[in-house]
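Text of the file input-v3.tsv, holding TSV, C-alpha atoms and all ligand atoms:
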```tsv
chain	number	residue	atom	x	y	z
A	1	MET	CA	0.33	24.56	1.33
A	2	PRO	CA	0.61	21.04	-0.07
A	3	GLN	CA	1.85	18.56	2.46
A	4	ILE	CA	4.44	16.01	1.37
A	5	VAL	CA	3.53	12.64	2.83
A	6	LEU	CA	6.28	10.66	1.20
A	7	ASP	CA	9.69	11.92	0.13
A	8	VAL	CA	12.07	9.48	-1.54
A	9	GLN	CA	15.47	10.96	-2.36
A	10	ASN	CA	18.03	9.22	-4.55
A	11	VAL	CA	17.29	5.79	-3.12
A	12	THR	CA	19.25	2.71	-4.12
A	13	LYS	CA	18.75	-0.87	-3.01
A	14	ARG	CA	21.22	-3.68	-3.55
A	15	LEU	CA	19.88	-7.15	-2.84
A	16	THR	CA	22.31	-9.99	-2.33
A	17	VAL	CA	21.57	-13.70	-2.39
A	18	GLY	CA	24.66	-15.83	-1.85
A	19	GLU	CA	27.34	-14.37	-4.10
A	20	VAL	CA	24.95	-12.69	-6.51
A	21	SER	CA	23.99	-9.04	-6.07
A	22	VAL	CA	21.19	-7.23	-7.86
A	23	ASP	CA	20.85	-3.47	-7.92
A	24	ALA	CA	17.07	-3.50	-7.62
A	25	LEU	CA	16.84	0.32	-7.35
A	26	LYS	CA	19.43	2.61	-8.90
A	27	GLY	CA	18.63	6.11	-7.63
A	28	VAL	CA	14.92	6.79	-7.28
A	29	THR	CA	13.61	10.25	-6.37
A	30	LEU	CA	9.89	10.75	-5.89
A	31	SER	CA	7.72	12.92	-3.70
A	32	VAL	CA	4.04	12.38	-3.09
A	33	GLN	CA	1.58	14.86	-1.56
A	34	ARG	CA	-1.24	14.24	0.84
A	35	GLY	CA	-4.29	12.89	-0.96
A	36	GLU	CA	-2.58	11.87	-4.20
A	37	PHE	CA	-3.52	8.63	-5.97
A	38	VAL	CA	-0.40	7.20	-7.61
A	39	ALA	CA	0.11	4.05	-9.67
A	40	VAL	CA	3.61	2.60	-9.96
A	41	VAL	CA	3.95	0.55	-13.14
A	42	GLY	CA	6.75	-1.27	-14.93
A	43	PRO	CA	7.79	-4.69	-16.16
A	44	SER	CA	8.23	-7.66	-13.86
A	45	GLY	CA	11.53	-7.41	-11.98
A	46	SER	CA	11.85	-3.65	-12.49
A	47	GLY	CA	11.92	-2.93	-8.75
A	48	LYS	CA	8.30	-1.95	-8.00
A	49	SER	CA	7.82	-4.19	-4.97
A	50	THR	CA	11.26	-3.30	-3.66
A	51	LEU	CA	10.36	0.38	-3.84
A	52	LEU	CA	6.99	-0.14	-2.15
A	53	GLY	CA	8.64	-2.10	0.66
A	54	LEU	CA	11.10	0.74	1.26
A	55	MET	CA	8.31	3.35	1.17
A	56	GLY	CA	6.49	1.37	3.83
A	57	GLY	CA	9.46	0.88	6.13
A	58	LEU	CA	9.49	-2.89	5.59
A	59	ASP	CA	13.13	-2.62	4.54
A	60	THR	CA	15.84	0.05	4.53
A	61	PRO	CA	17.60	1.52	1.48
A	62	THR	CA	21.26	0.87	0.64
A	63	SER	CA	21.69	4.63	0.11
A	64	GLY	CA	19.46	7.69	-0.14
A	65	THR	CA	16.72	8.82	2.23
A	66	ILE	CA	13.01	8.22	2.77
A	67	ALA	CA	10.80	10.52	4.84
A	68	ILE	CA	7.20	9.78	5.82
A	69	ASP	CA	5.08	12.72	6.99
A	70	GLY	CA	8.27	14.78	7.33
A	71	VAL	CA	10.09	12.18	9.45
A	72	ASP	CA	13.24	10.57	8.06
A	73	ILE	CA	12.86	6.81	8.51
A	74	THR	CA	16.12	5.88	6.82
A	75	HIS	CA	18.14	5.22	9.95
A	76	MET	CA	15.41	4.05	12.28
A	77	THR	CA	15.68	0.95	14.41
A	78	GLU	CA	13.33	-1.96	13.75
A	79	ARG	CA	11.33	-0.96	16.81
A	80	GLU	CA	10.91	2.63	15.57
A	81	LEU	CA	9.99	1.38	12.10
A	82	THR	CA	7.34	-0.89	13.56
A	83	ARG	CA	5.74	2.10	15.22
A	84	ILE	CA	5.81	4.14	11.99
A	85	ARG	CA	4.25	1.22	10.12
A	86	ASN	CA	1.47	0.91	12.69
A	87	GLU	CA	0.67	4.60	12.81
A	88	LYS	CA	1.37	5.92	9.34
A	89	ILE	CA	1.00	3.11	6.82
A	90	GLY	CA	-1.67	0.71	5.67
A	91	PHE	CA	-0.61	-2.24	3.53
A	92	VAL	CA	-2.71	-4.18	1.02
A	93	PHE	CA	-1.31	-7.28	-0.69
A	94	GLN	CA	-2.21	-9.27	-3.78
A	95	SER	CA	-3.20	-12.31	-1.72
A	96	PHE	CA	-5.43	-10.43	0.81
A	97	ASN	CA	-3.69	-12.04	3.84
A	98	LEU	CA	-6.84	-12.13	5.99
A	99	ILE	CA	-6.97	-14.34	9.06
A	100	PRO	CA	-9.20	-17.25	7.96
A	101	THR	CA	-10.68	-18.03	11.38
A	102	LEU	CA	-11.86	-14.45	12.01
A	103	THR	CA	-14.93	-12.75	10.56
A	104	ALA	CA	-14.65	-9.70	8.30
A	105	LEU	CA	-15.35	-7.39	11.23
A	106	GLU	CA	-12.89	-9.18	13.51
A	107	ASN	CA	-10.17	-8.95	10.84
A	108	VAL	CA	-10.70	-5.18	10.57
A	109	ALA	CA	-10.97	-4.64	14.34
A	110	LEU	CA	-7.76	-6.57	15.09
A	111	PRO	CA	-5.21	-3.83	14.27
A	112	ILE	CA	-7.35	-1.29	16.13
A	113	GLN	CA	-7.07	-3.44	19.23
A	114	PHE	CA	-3.28	-3.38	18.84
A	115	SER	CA	-3.16	0.40	18.52
A	116	ARG	CA	-2.30	2.71	21.36
A	117	HIS	CA	-5.66	3.58	22.92
A	118	PRO	CA	-8.00	0.79	22.01
A	119	THR	CA	-11.25	-0.35	23.47
A	120	ALA	CA	-13.06	-3.37	22.12
A	121	LYS	CA	-16.17	-1.27	21.61
A	122	SER	CA	-14.47	1.52	19.65
A	123	ALA	CA	-12.61	-1.05	17.55
A	124	HIS	CA	-15.88	-2.69	16.54
A	125	LYS	CA	-17.54	0.63	15.82
A	126	ARG	CA	-14.66	1.80	13.66
A	127	GLY	CA	-14.55	-1.58	11.92
A	128	GLN	CA	-18.24	-1.34	11.09
A	129	GLU	CA	-17.82	2.20	9.74
A	130	LEU	CA	-14.93	1.17	7.51
A	131	LEU	CA	-16.69	-1.91	6.17
A	132	ALA	CA	-19.77	0.25	5.48
A	133	LEU	CA	-17.61	2.72	3.55
A	134	LEU	CA	-16.45	-0.20	1.40
A	135	GLY	CA	-19.97	-1.49	0.80
A	136	MET	CA	-19.51	-4.53	3.04
A	137	SER	CA	-22.12	-3.88	5.75
A	138	ASP	CA	-24.01	-7.06	4.88
A	139	ARG	CA	-20.89	-9.23	5.23
A	140	LEU	CA	-19.63	-8.25	8.70
A	141	HIS	CA	-19.88	-11.72	10.18
A	142	HIS	CA	-18.71	-13.73	7.18
A	143	ARG	CA	-15.35	-15.47	7.24
A	144	PRO	CA	-12.90	-14.96	4.35
A	145	SER	CA	-13.76	-18.36	2.80
A	146	GLN	CA	-17.39	-17.21	2.55
A	147	LEU	CA	-16.43	-14.09	0.57
A	148	SER	CA	-15.47	-13.53	-3.08
A	149	GLY	CA	-11.95	-12.34	-3.90
A	150	GLY	CA	-13.15	-8.78	-4.41
A	151	GLN	CA	-14.98	-8.83	-1.09
A	152	GLN	CA	-11.92	-10.24	0.69
A	153	GLN	CA	-9.79	-7.49	-0.78
A	154	ARG	CA	-12.27	-4.86	0.43
A	155	VAL	CA	-12.01	-6.32	3.93
A	156	ALA	CA	-8.21	-6.14	3.60
A	157	ILE	CA	-8.47	-2.48	2.55
A	158	ALA	CA	-10.74	-1.72	5.53
A	159	ARG	CA	-8.20	-3.42	7.80
A	160	ALA	CA	-5.36	-1.38	6.28
A	161	LEU	CA	-7.30	1.80	7.10
A	162	ALA	CA	-8.10	0.75	10.65
A	163	ASN	CA	-5.66	3.13	12.35
A	164	HIS	CA	-6.27	6.14	10.01
A	165	PRO	CA	-2.92	5.94	8.20
A	166	PRO	CA	-2.10	8.92	5.96
A	167	LEU	CA	-0.48	6.51	3.49
A	168	LEU	CA	-2.02	3.39	1.94
A	169	LEU	CA	0.36	1.15	-0.03
A	170	ALA	CA	-0.91	-1.71	-2.20
A	171	ASP	CA	1.18	-4.22	-4.15
A	172	GLU	CA	-0.76	-5.67	-7.12
A	173	PRO	CA	-4.06	-5.35	-5.19
A	174	THR	CA	-6.08	-6.57	-8.18
A	175	GLY	CA	-3.60	-9.24	-9.25
A	176	ASN	CA	-5.83	-12.11	-8.10
A	177	LEU	CA	-9.15	-10.55	-9.15
A	178	ASP	CA	-11.33	-10.71	-12.25
A	179	SER	CA	-12.07	-7.45	-14.02
A	180	ALA	CA	-15.43	-6.84	-12.30
A	181	SER	CA	-13.91	-7.30	-8.83
A	182	SER	CA	-10.91	-5.21	-9.85
A	183	LYS	CA	-13.20	-2.35	-10.73
A	184	ILE	CA	-14.96	-2.55	-7.36
A	185	VAL	CA	-11.61	-2.55	-5.55
A	186	MET	CA	-10.29	0.38	-7.59
A	187	ASP	CA	-13.51	2.31	-6.90
A	188	ALA	CA	-12.94	1.59	-3.21
A	189	PHE	CA	-9.42	3.08	-3.37
A	190	ARG	CA	-10.81	6.14	-5.11
A	191	SER	CA	-13.53	6.74	-2.54
A	192	ILE	CA	-11.00	6.35	0.28
A	193	GLN	CA	-8.70	8.85	-1.36
A	194	ARG	CA	-11.55	11.28	-1.88
A	195	ASP	CA	-13.46	10.85	1.39
A	196	MET	CA	-10.57	10.38	3.81
A	197	ASN	CA	-7.89	12.34	1.92
A	198	THR	CA	-5.66	9.28	2.22
A	199	THR	CA	-2.65	9.05	-0.06
A	200	VAL	CA	-2.94	5.86	-2.11
A	201	ILE	CA	0.02	4.27	-3.92
A	202	ILE	CA	-0.64	1.09	-5.87
A	203	VAL	CA	1.82	-1.09	-7.72
A	204	THR	CA	0.42	-2.78	-10.80
A	205	HIS	CA	1.60	-4.15	-14.12
A	206	ASP	CA	-1.90	-3.65	-15.59
A	207	MET	CA	-2.17	-0.35	-17.47
A	208	ASN	CA	-5.99	-0.44	-17.36
A	209	ILE	CA	-5.72	-0.36	-13.57
A	210	ALA	CA	-2.96	2.26	-13.59
A	211	HIS	CA	-5.04	4.62	-15.70
A	212	GLN	CA	-7.54	4.93	-12.86
A	213	ALA	CA	-4.89	6.74	-10.79
A	214	GLU	CA	-4.14	10.46	-11.12
A	215	ARG	CA	-0.44	10.00	-11.50
A	216	ILE	CA	1.51	7.19	-13.13
A	217	VAL	CA	5.14	6.55	-12.20
A	218	THR	CA	6.90	4.13	-14.53
A	219	ILE	CA	9.87	2.14	-13.26
A	220	VAL	CA	12.21	0.41	-15.67
A	221	ASP	CA	15.32	-1.43	-14.53
A	222	GLY	CA	15.39	0.16	-11.08
A	223	MET	CA	14.95	3.73	-12.27
A	224	ILE	CA	12.02	6.08	-12.84
A	225	ALA	CA	11.52	6.23	-16.60
A	226	ASN	CA	8.44	8.46	-16.49
A	227	ASP	CA	6.34	10.35	-13.93
A	228	ALA	CA	3.15	11.89	-15.32
A	229	TYR	CA	-0.19	13.27	-14.20
A	230	ARG	CA	-3.21	12.05	-16.06
A	231	GLU	CA	-5.72	14.63	-17.22
A	232	ILE	CA	-8.73	14.53	-14.95
A	233	ARG	CA	-12.06	14.67	-16.72
B	301	LIG	N1	14.71	-10.81	-1.65
B	301	LIG	C1	15.40	-10.65	-2.79
B	301	LIG	N2	16.68	-11.06	-2.88
B	301	LIG	C2	17.36	-10.89	-4.02
B	301	LIG	N3	16.90	-10.32	-5.12
B	301	LIG	C3	15.62	-9.90	-5.10
B	301	LIG	C4	14.80	-10.04	-3.94
B	301	LIG	N4	13.59	-9.50	-4.22
B	301	LIG	C5	13.64	-9.06	-5.47
B	301	LIG	N5	14.87	-9.29	-6.02
B	301	LIG	C6	15.32	-8.89	-7.36
B	301	LIG	O1	15.25	-7.47	-7.41
B	301	LIG	C7	14.74	-7.03	-8.66
B	301	LIG	C8	13.47	-6.23	-8.44
B	301	LIG	O2	12.46	-7.07	-7.92
B	301	LIG	P1	11.00	-6.57	-7.53
B	301	LIG	O3	11.11	-5.32	-6.75
B	301	LIG	O4	10.30	-7.71	-6.90
B	301	LIG	O5	10.36	-6.23	-8.96
B	301	LIG	P2	8.85	-6.07	-9.41
B	301	LIG	O6	7.99	-5.93	-8.19
B	301	LIG	O7	8.85	-4.85	-10.27
B	301	LIG	O8	8.50	-7.29	-10.21
B	301	LIG	C9	14.55	-8.29	-9.49
B	301	LIG	O9	15.70	-8.46	-10.26
B	301	LIG	C10	14.41	-9.37	-8.45
B	301	LIG	O10	14.84	-10.60	-8.98
B	302	MG	MG	6.39	-7.07	-7.51
```
Output the file's structure as structure tokens, nothing else.
Amino acid sequence: MPQIVLDVQNVTKRLTVGEVSVDALKGVTLSVQRGEFVAVVGPSGSGKSTLLGLMGGLDTPTSGTIAIDGVDITHMTERELTRIRNEKIGFVFQSFNLIPTLTALENVALPIQFSRHPTAKSAHKRGQELLALLGMSDRLHHRPSQLSGGQQQRVAIARALANHPPLLLADEPTGNLDSASSKIVMDAFRSIQRDMNTTVIIVTHDMNIAHQAERIVTIVDGMIANDAYREIR
């Protein structure tokens, strides 16, 4: 039976700055199964990042519910959300967000060391395995400044996978990359989805990138305008 990893039901989000309020999401319903590869597309300001942040428990909705792996996170405390984020979700950002003073391997091993049953040895082993999966075995001891953008993003993806999350969320992961590096990064997402059965959800405004996903969800003005599966060749 298909397992629903993410269930978003009728979610709204009102953001207020000073006296101005914006309804960033106006009733979004979306469910995603284990192992799906989804691209969320839409114009700038349509609510994509807001939705991704809610899916990842970085923020809570104004109304509606969000469940991750069958657990409703809507009314969790910050402490409970932190635990869900650590155990269930990997995040990848446009700007990589690696720690500049640490090597590639140290960056990947760091979240493993913060997990519940870490040992330094197992963290390093797991880090090496993940970097190998992403084709980065020959860059383990390089620092971010010694790596290309595409290589840095692959380190960031390895780090996001460090604690085996069922759900990997990425906001414009190729936004700072040239087309060759973008392709390498998208191939990395695909192999993760295939080899680890991880659910991957990427936000992008680039349709060439979106077309590499199996399913494309289009957001316009805070609402889902289209939700379609691509034909797989
Ligand atoms: N922290 C915030 N405070 C107030 N308004 C915000 C905030 N973040 C985003 N918005 C507004 O919410 C809407 C959706 O933004 P966002 O989710 O960032 O869109 P996208 O990622 O699709 O470009 C926009 O109108 C944006 O200006
Ligand atoms: Mg955005």
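Taking only C-alpha atoms and all ligand atoms into account, the residues that come within 12 Å of ligand MG 302 (chain B) are Ala24, Val40, Val41, Gly42, Pro43, Ser44, Gly45, Ser46, Gly47, Lys48, Ser49, Thr50, Leu51, Leu52, Gly53, Phe93, Gln94, Ala170, Asp171, Glu172, Pro173, Gly175, Ile202, Val203, Thr204, His205 and Ile219 of chain A.
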File of the preceding selection, C-alpha atoms, as a PDB file, keeping the file's coordinate frame:
```
ATOM      1  CA  ALA A  24      17.070  -3.500  -7.620  1.00  0.00           C
ATOM      2  CA  VAL A  40       3.610   2.600  -9.960  1.00  0.00           C
ATOM      3  CA  VAL A  41       3.950   0.550 -13.140  1.00  0.00           C
ATOM      4  CA  GLY A  42       6.750  -1.270 -14.930  1.00  0.00           C
ATOM      5  CA  PRO A  43       7.790  -4.690 -16.160  1.00  0.00           C
ATOM      6  CA  SER A  44       8.230  -7.660 -13.860  1.00  0.00           C
ATOM      7  CA  GLY A  45      11.530  -7.410 -11.980  1.00  0.00           C
ATOM      8  CA  SER A  46      11.850  -3.650 -12.490  1.00  0.00           C
ATOM      9  CA  GLY A  47      11.920  -2.930  -8.750  1.00  0.00           C
ATOM     10  CA  LYS A  48       8.300  -1.950  -8.000  1.00  0.00           C
ATOM     11  CA  SER A  49       7.820  -4.190  -4.970  1.00  0.00           C
ATOM     12  CA  THR A  50      11.260  -3.300  -3.660  1.00  0.00           C
ATOM     13  CA  LEU A  51      10.360   0.380  -3.840  1.00  0.00           C
ATOM     14  CA  LEU A  52       6.990  -0.140  -2.150  1.00  0.00           C
ATOM     15  CA  GLY A  53       8.640  -2.100   0.660  1.00  0.00           C
ATOM     16  CA  PHE A  93      -1.310  -7.280  -0.690  1.00  0.00           C
ATOM     17  CA  GLN A  94      -2.210  -9.270  -3.780  1.00  0.00           C
ATOM     18  CA  ALA A 170      -0.910  -1.710  -2.200  1.00  0.00           C
ATOM     19  CA  ASP A 171       1.180  -4.220  -4.150  1.00  0.00           C
ATOM     20  CA  GLU A 172      -0.760  -5.670  -7.120  1.00  0.00           C
ATOM     21  CA  PRO A 173      -4.060  -5.350  -5.190  1.00  0.00           C
ATOM     22  CA  GLY A 175      -3.600  -9.240  -9.250  1.00  0.00           C
ATOM     23  CA  ILE A 202      -0.640   1.090  -5.870  1.00  0.00           C
ATOM     24  CA  VAL A 203       1.820  -1.090  -7.720  1.00  0.00           C
ATOM     25  CA  THR A 204       0.420  -2.780 -10.800  1.00  0.00           C
ATOM     26  CA  HIS A 205       1.600  -4.150 -14.120  1.00  0.00           C
ATOM     27  CA  ILE A 219       9.870   2.140 -13.260  1.00  0.00           C
TER      28      ILE A 219
END
```
key: Of the listed residues A:Asp195, A:Glu80, A:Glu106, A:Asp7, that which approaches Ile68 in chain A most closely, counting only C-alpha atoms   = A:Asp7
key: Among listed residues A:Ile201, A:Ala228, A:Ala160, A:Val28, nearest Ile216 in chain A (using only C-alpha atoms)   =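 Looking only at the distances to Ile216 in chain A, the closest residue turns out to be A:Ala228.
Considering only C-alpha atoms, the residue among A:Val5, A:Ala39, A:Leu102, A:Ala188 positioned nearest to His211 in chain A is A:Ala39.
Each of A:Arg83, A:Lys13, A:Lys121, A:Arg34 was compared to Val200 in chain A using all atoms listed in the file, and A:Arg34 turns out to be the nearest.
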task = Work out how far CA of Thr101 in chain A is from CA of Asn163 in chain A, in Å to one decimal.
result =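 Going from CA of Asn163 in chain A over to CA of Thr101 in chain A, I get 21.8 Å.
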inquiry  = I need the residue nearest ligand LIG 301 (chain B) from this list: A:Gly18, A:Pro2, A:Gly135, A:Pro61. Use all atoms listed in the file for the distance.
reply    =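 When distances to ligand LIG 301 (chain B) are compared using all atoms listed in the file, the smallest one comes from A:Gly18.
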ask   = If you measure from CA of Leu140 in chain A to CA of Ser182 in chain A, what distance in Å do you get, rounded to one decimal?
value = 20.7 Å
request  = Would you mind telling me which residue in A:Pro144, A:Gly90, A:Gly222, A:Gly149 lies nearest to ligand LIG 301 (chain B) when using only C-alpha atoms and all ligand atoms?
outcome  = A:Gly222
message = With 8 Å as the threshold, what does the neighbourhood of (-2.7, 10.4, -13.6) contain in terms of residues, counting all atoms listed in the file? Coordinates are those of the file; answer as a PyMOL selection string.
response = chain A and resi 37-39+211-216+228-232
key: Non-local contacts of Val8 in chain A (8 Å; only C-alpha atoms; under 3 positions in same chain excluded) as a VMD selection string   = chain A and resid 11 28 to 31 55 64 to 67
Report, as lines of an AutoDock Vina configuration file, the axis-aligned box around all atoms of range 208-215 of chain A present in the file, extended by 5 Å on each side; give centre and edge lengths in Å to one decimal place.
```
center_x = -4.0
center_y = 5.0
center_z = -14.1
size_x = 17.1
size_y = 20.9
size_z = 16.6
```
task = For Gly27 in chain A, please output as a PyMOL selection string all residues within 7 Å (counting all atoms listed in the file; exclusion window: fewer than 6 positions along the same chain).
result = chain A and resi 10-12+223
query = Distance CA of Ala156 in chain A-atom O8 of ligand LIG 301 (chain B), one decimal place?
reply =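 Atom-to-atom, CA of Ala156 in chain A to atom O8 of ligand LIG 301 (chain B), that is 21.7 Å.
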request  = Select all residues near (12.2, 8.5, 10.2) (cut-off 12 Å, inclusive, file coordinates), counting only C-alpha atoms, and output them as JSON, numbers by chain.
outcome  = {"A": [6, 7, 8, 54, 55, 56, 57, 60, 65, 66, 67, 68, 69, 70, 71, 72, 73, 74, 75, 76, 77, 78, 79, 80, 81, 82, 83, 84, 85, 88]}
Pull C-alpha atoms from the residues just selected and write them as a PDB file, in the frame of the given file.
```pdb
ATOM      1  CA  LEU A   6       6.280  10.660   1.200  1.00  0.00           C
ATOM      2  CA  ASP A   7       9.690  11.920   0.130  1.00  0.00           C
ATOM      3  CA  VAL A   8      12.070   9.480  -1.540  1.00  0.00           C
ATOM      4  CA  LEU A  54      11.100   0.740   1.260  1.00  0.00           C
ATOM      5  CA  MET A  55       8.310   3.350   1.170  1.00  0.00           C
ATOM      6  CA  GLY A  56       6.490   1.370   3.830  1.00  0.00           C
ATOM      7  CA  GLY A  57       9.460   0.880   6.130  1.00  0.00           C
ATOM      8  CA  THR A  60      15.840   0.050   4.530  1.00  0.00           C
ATOM      9  CA  THR A  65      16.720   8.820   2.230  1.00  0.00           C
ATOM     10  CA  ILE A  66      13.010   8.220   2.770  1.00  0.00           C
ATOM     11  CA  ALA A  67      10.800  10.520   4.840  1.00  0.00           C
ATOM     12  CA  ILE A  68       7.200   9.780   5.820  1.00  0.00           C
ATOM     13  CA  ASP A  69       5.080  12.720   6.990  1.00  0.00           C
ATOM     14  CA  GLY A  70       8.270  14.780   7.330  1.00  0.00           C
ATOM     15  CA  VAL A  71      10.090  12.180   9.450  1.00  0.00           C
ATOM     16  CA  ASP A  72      13.240  10.570   8.060  1.00  0.00           C
ATOM     17  CA  ILE A  73      12.860   6.810   8.510  1.00  0.00           C
ATOM     18  CA  THR A  74      16.120   5.880   6.820  1.00  0.00           C
ATOM     19  CA  HIS A  75      18.140   5.220   9.950  1.00  0.00           C
ATOM     20  CA  MET A  76      15.410   4.050  12.280  1.00  0.00           C
ATOM     21  CA  THR A  77      15.680   0.950  14.410  1.00  0.00           C
ATOM     22  CA  GLU A  78      13.330  -1.960  13.750  1.00  0.00           C
ATOM     23  CA  ARG A  79      11.330  -0.960  16.810  1.00  0.00           C
ATOM     24  CA  GLU A  80      10.910   2.630  15.570  1.00  0.00           C
ATOM     25  CA  LEU A  81       9.990   1.380  12.100  1.00  0.00           C
ATOM     26  CA  THR A  82       7.340  -0.890  13.560  1.00  0.00           C
ATOM     27  CA  ARG A  83       5.740   2.100  15.220  1.00  0.00           C
ATOM     28  CA  ILE A  84       5.810   4.140  11.990  1.00  0.00           C
ATOM     29  CA  ARG A  85       4.250   1.220  10.120  1.00  0.00           C
ATOM     30  CA  LYS A  88       1.370   5.920   9.340  1.00  0.00           C
TER      31      LYS A  88
END
```
Quick one: everything within 12 Å of Leu105 in chain A, counting all atoms listed in the file, minus sequence neighbours fewer than 3 positions away in the same chain. Send it as a PDB file with C-alpha atoms, in the coordinates of the input.
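Result file follows (part_19.pdb):
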```
ATOM      1  CA  LEU A  98      -6.840 -12.130   5.990  1.00  0.00           C
ATOM      2  CA  ILE A  99      -6.970 -14.340   9.060  1.00  0.00           C
ATOM      3  CA  THR A 101     -10.680 -18.030  11.380  1.00  0.00           C
ATOM      4  CA  LEU A 102     -11.860 -14.450  12.010  1.00  0.00           C
ATOM      5  CA  VAL A 108     -10.700  -5.180  10.570  1.00  0.00           C
ATOM      6  CA  ALA A 109     -10.970  -4.640  14.340  1.00  0.00           C
ATOM      7  CA  LEU A 110      -7.760  -6.570  15.090  1.00  0.00           C
ATOM      8  CA  PRO A 111      -5.210  -3.830  14.270  1.00  0.00           C
ATOM      9  CA  ILE A 112      -7.350  -1.290  16.130  1.00  0.00           C
ATOM     10  CA  ALA A 120     -13.060  -3.370  22.120  1.00  0.00           C
ATOM     11  CA  ALA A 123     -12.610  -1.050  17.550  1.00  0.00           C
ATOM     12  CA  HIS A 124     -15.880  -2.690  16.540  1.00  0.00           C
ATOM     13  CA  LYS A 125     -17.540   0.630  15.820  1.00  0.00           C
ATOM     14  CA  ARG A 126     -14.660   1.800  13.660  1.00  0.00           C
ATOM     15  CA  GLY A 127     -14.550  -1.580  11.920  1.00  0.00           C
ATOM     16  CA  GLN A 128     -18.240  -1.340  11.090  1.00  0.00           C
ATOM     17  CA  GLU A 129     -17.820   2.200   9.740  1.00  0.00           C
ATOM     18  CA  LEU A 130     -14.930   1.170   7.510  1.00  0.00           C
ATOM     19  CA  LEU A 131     -16.690  -1.910   6.170  1.00  0.00           C
ATOM     20  CA  ALA A 132     -19.770   0.250   5.480  1.00  0.00           C
ATOM     21  CA  MET A 136     -19.510  -4.530   3.040  1.00  0.00           C
ATOM     22  CA  SER A 137     -22.120  -3.880   5.750  1.00  0.00           C
ATOM     23  CA  ASP A 138     -24.010  -7.060   4.880  1.00  0.00           C
ATOM     24  CA  ARG A 139     -20.890  -9.230   5.230  1.00  0.00           C
ATOM     25  CA  LEU A 140     -19.630  -8.250   8.700  1.00  0.00           C
ATOM     26  CA  HIS A 141     -19.880 -11.720  10.180  1.00  0.00           C
ATOM     27  CA  HIS A 142     -18.710 -13.730   7.180  1.00  0.00           C
ATOM     28  CA  ARG A 143     -15.350 -15.470   7.240  1.00  0.00           C
ATOM     29  CA  PRO A 144     -12.900 -14.960   4.350  1.00  0.00           C
ATOM     30  CA  GLN A 152     -11.920 -10.240   0.690  1.00  0.00           C
ATOM     31  CA  ARG A 154     -12.270  -4.860   0.430  1.00  0.00           C
ATOM     32  CA  VAL A 155     -12.010  -6.320   3.930  1.00  0.00           C
ATOM     33  CA  ALA A 156      -8.210  -6.140   3.600  1.00  0.00           C
ATOM     34  CA  ALA A 158     -10.740  -1.720   5.530  1.00  0.00           C
ATOM     35  CA  ARG A 159      -8.200  -3.420   7.800  1.00  0.00           C
ATOM     36  CA  ALA A 162      -8.100   0.750  10.650  1.00  0.00           C
TER      37      ALA A 162
END
```
